[in-house]
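Below is one structure; the comments refer to it alone.
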Amino acid sequence: MSLPPLRMQHWLLFVVIAIAFFAWGGWLMRGPDKAEPLPGMAQWQQQILAPMADGKLSLAQLNALKAGELWLKPRLDGPQLVFRSELAAGGQRWKLEAVLVLNEREHTSLMAATGLKPTDPEQPLSAAMLSEMGQHSLVTLALRPEQPVSSEQVIASFGAPRLRLELDSGEGWVYPLQGLTAHVENEHLLLLHLVPRSTLEK
């Protein structure tokens with residue numbers, strides 16, 4: 001026995017509404033999309049982050065990944081020798097800046113060779129100087145994203161931070177075993193700061 005046309009329409013409408021209701025309920029119960037790890041970070045973990053945490057990353061190793069420039073920054077408390085470059089992965093670009101470890105003799109020699117005073121502006125150095133300083137290790141390294149990076153991507157890449165520090169603006173997420181601190185503000189990453197693991201353990 002077939003249903004009358006009108007009752008058939010009512011029945012079909014009920015089925016459509018029921019399907020739509022359950023689909024909507026399933027969508028509401030679905031958790032938020034999981035954030036993807038930072039593009040390129042798995043590779044950089046092996047090439048940059050892990051050696052830096054072990055205190056074994058050299059200027060030559062860093063320059064081999066992506067050639068950059070060496071800059072001398074005169075300062076009242078002693079000059080800094082800074083390596084600058086850029087990294088890119090997955091459509092995202094990062095500014096990289098690393099500070100070399102120098103002894104007092106090297107400080108004095110560099111200032112004398114360049115003729116700079118502690119109050120002078122920073123100056124680029126030659127490629128020959130970069131090659132000459134290639135075996136020097138690094139005291140700090142910073143990665144600054146040029147495009148927006150969410151704090152969820154930081155957690156997807158490194159896990160939950162061991163410690164959260166309140167800063168003048170935002171928070172510092174500290175990962176001691178990796179020698180890593182992430183500066184996060186308004187749920188976005190501003191900077192990844194890397195030091196040898198032993199520095200954070202002091």
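Order determines the names: the first chain of the structure tokens is A, the second B, and so forth; residues in each chain are numbered 1 upward, and ligands are numbered 1 upward as they are shown.
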Quick one: everything within 9 Å of Glu187 of chain A, counting only C-alpha atoms, minus sequence neighbours fewer than 5 positions away in the same chain. Send it as a VMD selection string. chain A and resid 149 to 152 170
Any chance you can output those residues with C-alpha atoms as a PDB file, in the first residue's frame?
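Written file, out_37.pdb:
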ATOM      1  CA  VAL A 149      52.198  32.562  12.903  1.00  0.00           C
ATOM      2  CA  SER A 150      49.665  31.329  15.460  1.00  0.00           C
ATOM      3  CA  SER A 151      50.620  30.251  18.967  1.00  0.00           C
ATOM      4  CA  GLU A 152      48.855  26.930  18.241  1.00  0.00           C
ATOM      5  CA  GLY A 170      52.792  39.090  25.853  1.00  0.00           C
TER       6      GLY A 170
END
Long-range neighbours of segment 93-97 of chain A as a PyMOL selection string, 12 Å cut-off, only C-alpha atoms, 5 positions minimum in chain: chain A and resi 38-41+44+48+59+62-63+65-71+80-88+138-149+189-194
May I have the selected residues written with N, CA and C atoms, as a short mmCIF file (atom, residue, chain, number, x, y, z; two decimals), in the first residue's frame?
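Dumped to part06.cif:
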data_model
loop_
_atom_site.label_atom_id
_atom_site.label_comp_id
_atom_site.auth_asym_id
_atom_site.auth_seq_id
_atom_site.Cartn_x
_atom_site.Cartn_y
_atom_site.Cartn_z
N LEU A 38 54.89 24.29 12.41
CA LEU A 38 55.51 25.34 11.62
C LEU A 38 56.23 24.73 10.41
N PRO A 39 55.97 25.23 9.21
CA PRO A 39 56.63 24.68 8.01
C PRO A 39 58.15 24.75 8.13
N GLY A 40 58.80 23.67 7.79
CA GLY A 40 60.25 23.63 7.80
C GLY A 40 60.88 23.39 9.15
N MET A 41 60.08 23.44 10.23
CA MET A 41 60.68 23.36 11.57
C MET A 41 61.25 21.98 11.87
N TRP A 44 64.65 22.15 10.34
CA TRP A 44 65.50 23.10 11.08
C TRP A 44 65.81 22.59 12.49
N ILE A 48 69.48 23.23 12.93
CA ILE A 48 69.74 24.46 13.68
C ILE A 48 69.45 24.31 15.16
N LEU A 59 79.14 29.14 12.92
CA LEU A 59 78.78 30.11 11.89
C LEU A 59 78.83 29.47 10.51
N LEU A 62 75.72 27.41 9.80
CA LEU A 62 74.56 28.26 9.59
C LEU A 62 74.61 28.90 8.21
N ASN A 63 75.78 29.37 7.83
CA ASN A 63 75.93 30.02 6.53
C ASN A 63 75.77 29.03 5.38
N LEU A 65 73.60 26.63 5.31
CA LEU A 65 72.16 26.42 5.10
C LEU A 65 71.57 27.51 4.23
N LYS A 66 71.93 28.74 4.52
CA LYS A 66 71.46 29.89 3.74
C LYS A 66 72.47 31.01 3.92
N ALA A 67 73.18 31.32 2.85
CA ALA A 67 74.23 32.33 2.93
C ALA A 67 73.68 33.66 3.43
N GLY A 68 74.48 34.31 4.28
CA GLY A 68 74.06 35.58 4.84
C GLY A 68 75.22 36.55 4.93
N GLU A 69 75.08 37.55 5.77
CA GLU A 69 76.10 38.59 5.93
C GLU A 69 76.52 38.69 7.38
N LEU A 70 77.76 39.13 7.57
CA LEU A 70 78.32 39.35 8.90
C LEU A 70 78.36 40.86 9.16
N TRP A 71 77.88 41.25 10.33
CA TRP A 71 77.84 42.66 10.71
C TRP A 71 78.56 42.87 12.05
N GLN A 80 79.56 43.44 19.15
CA GLN A 80 78.94 42.17 18.82
C GLN A 80 79.17 41.87 17.34
N LEU A 81 79.45 40.62 17.05
CA LEU A 81 79.57 40.16 15.68
C LEU A 81 78.30 39.38 15.36
N VAL A 82 77.52 39.87 14.40
CA VAL A 82 76.18 39.35 14.15
C VAL A 82 76.07 38.81 12.72
N PHE A 83 75.52 37.60 12.61
CA PHE A 83 75.25 36.99 11.31
C PHE A 83 73.77 37.14 11.00
N ARG A 84 73.44 37.60 9.78
CA ARG A 84 72.05 37.80 9.39
C ARG A 84 71.77 37.06 8.08
N SER A 85 70.61 36.41 8.05
CA SER A 85 70.20 35.67 6.86
C SER A 85 68.68 35.56 6.87
N GLU A 86 68.14 34.82 5.91
CA GLU A 86 66.71 34.56 5.84
C GLU A 86 66.48 33.08 5.54
N LEU A 87 65.41 32.54 6.10
CA LEU A 87 65.00 31.17 5.82
C LEU A 87 63.58 31.20 5.27
N ALA A 88 63.24 30.19 4.50
CA ALA A 88 61.90 30.10 3.93
C ALA A 88 61.47 28.64 3.86
N LEU A 138 77.97 30.08 18.46
CA LEU A 138 76.98 31.15 18.59
C LEU A 138 76.47 31.23 20.02
N VAL A 139 76.27 32.46 20.49
CA VAL A 139 75.77 32.65 21.84
C VAL A 139 74.26 32.77 21.86
N THR A 140 73.67 33.37 20.82
CA THR A 140 72.21 33.45 20.70
C THR A 140 71.84 33.37 19.22
N LEU A 141 70.60 32.95 18.98
CA LEU A 141 70.07 32.91 17.62
C LEU A 141 68.59 33.25 17.69
N ALA A 142 68.13 34.12 16.81
CA ALA A 142 66.72 34.53 16.81
C ALA A 142 66.12 34.28 15.44
N LEU A 143 64.88 33.77 15.44
CA LEU A 143 64.09 33.58 14.22
C LEU A 143 62.82 34.40 14.37
N ARG A 144 62.61 35.32 13.43
CA ARG A 144 61.43 36.19 13.49
C ARG A 144 60.58 35.98 12.23
N PRO A 145 59.33 35.52 12.39
CA PRO A 145 58.49 35.28 11.21
C PRO A 145 58.07 36.58 10.55
N GLU A 146 58.04 36.57 9.22
CA GLU A 146 57.61 37.75 8.48
C GLU A 146 56.11 37.70 8.17
N GLN A 147 55.48 36.53 8.34
CA GLN A 147 54.04 36.40 8.18
C GLN A 147 53.44 35.97 9.52
N PRO A 148 52.13 36.17 9.71
CA PRO A 148 51.50 35.77 10.97
C PRO A 148 51.66 34.28 11.24
N VAL A 149 52.05 33.95 12.45
CA VAL A 149 52.20 32.56 12.90
C VAL A 149 51.42 32.42 14.21
N LEU A 189 52.94 34.31 17.34
CA LEU A 189 54.38 34.24 17.62
C LEU A 189 55.08 35.49 17.08
N LEU A 190 55.87 36.12 17.94
CA LEU A 190 56.66 37.27 17.51
C LEU A 190 58.11 36.88 17.24
N LEU A 191 58.63 35.92 18.03
CA LEU A 191 60.06 35.62 17.96
C LEU A 191 60.36 34.27 18.58
N LEU A 192 61.27 33.52 17.97
CA LEU A 192 61.88 32.34 18.59
C LEU A 192 63.31 32.69 18.95
N HIS A 193 63.65 32.55 20.23
CA HIS A 193 64.98 32.90 20.73
C HIS A 193 65.67 31.63 21.21
N LEU A 194 66.85 31.36 20.65
CA LEU A 194 67.57 30.12 20.94
C LEU A 194 68.92 30.41 21.58
#
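Closest approach to Glu185 of chain A among A:Thr108, A:Thr119, A:Gln153, A:Ser169: A:Ser169, based on only C-alpha atoms.
With atom CA of Glu106 of chain A on one side and atom CA of Met133 of chain A on the other, the separation reads 10.4 Å.
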I'd like to know which residues of chain A are strand (DSSP E or B) (by DSSP, run on the backbone); could you write them as JSON, numbers by chain? {"A": [58, 69, 70, 71, 72, 73, 80, 81, 82, 83, 84, 85, 86, 87, 88, 89, 92, 93, 94, 95, 96, 97, 98, 99, 100, 123, 124, 137, 138, 139, 140, 141, 142, 143, 144, 145, 150, 163, 164, 165, 166, 171, 172, 173, 174, 175, 180, 181, 182, 183, 184, 185, 188, 189, 190, 191, 192, 193, 194]}
Among the residues of segment 3-160 of chain A, find those DSSP assigns to alpha helix (DSSP H) from the backbone and print them as a ChimeraX atom specification. /A:5-29,41-44,50-53,59-65,104-114,127-132,151-158
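Shortest separation to Ala127 of chain A among A:Arg75, A:Gln43, A:Ala60, A:Arg162 occurs at residue A:Ala60, atoms counted being only C-alpha atoms.
Using only C-alpha atoms for every distance, the candidate list A:Ser131, A:Ser126, A:Asn186, A:Thr181 yields A:Thr181 as the residue closest to Ala53 of chain A.
Distances from A:Ser109, A:Gln92, A:Gln135, A:Thr199 to Leu180 of chain A were compared using only C-alpha atoms, and the smallest one belongs to A:Thr199.
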Have a look at A:Ser137, A:Leu130, A:Ala64, A:Leu125 and name the one nearest to Val99 of chain A; count only C-alpha atoms. A:Ser137
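The two atoms in question, atom CA of Glu201 of chain A and atom CA of Pro176 of chain A, are spaced 7.3 Å apart.
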Could you give me, as a count of residues only, the residues within 12 Å of Leu163 of chain A, counting only C-alpha atoms and dropping anything in the same chain fewer than 6 positions from it? 11
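Atom CA of Ala50 of chain A lies 6.9 Å from atom CA of Gln178 of chain A.
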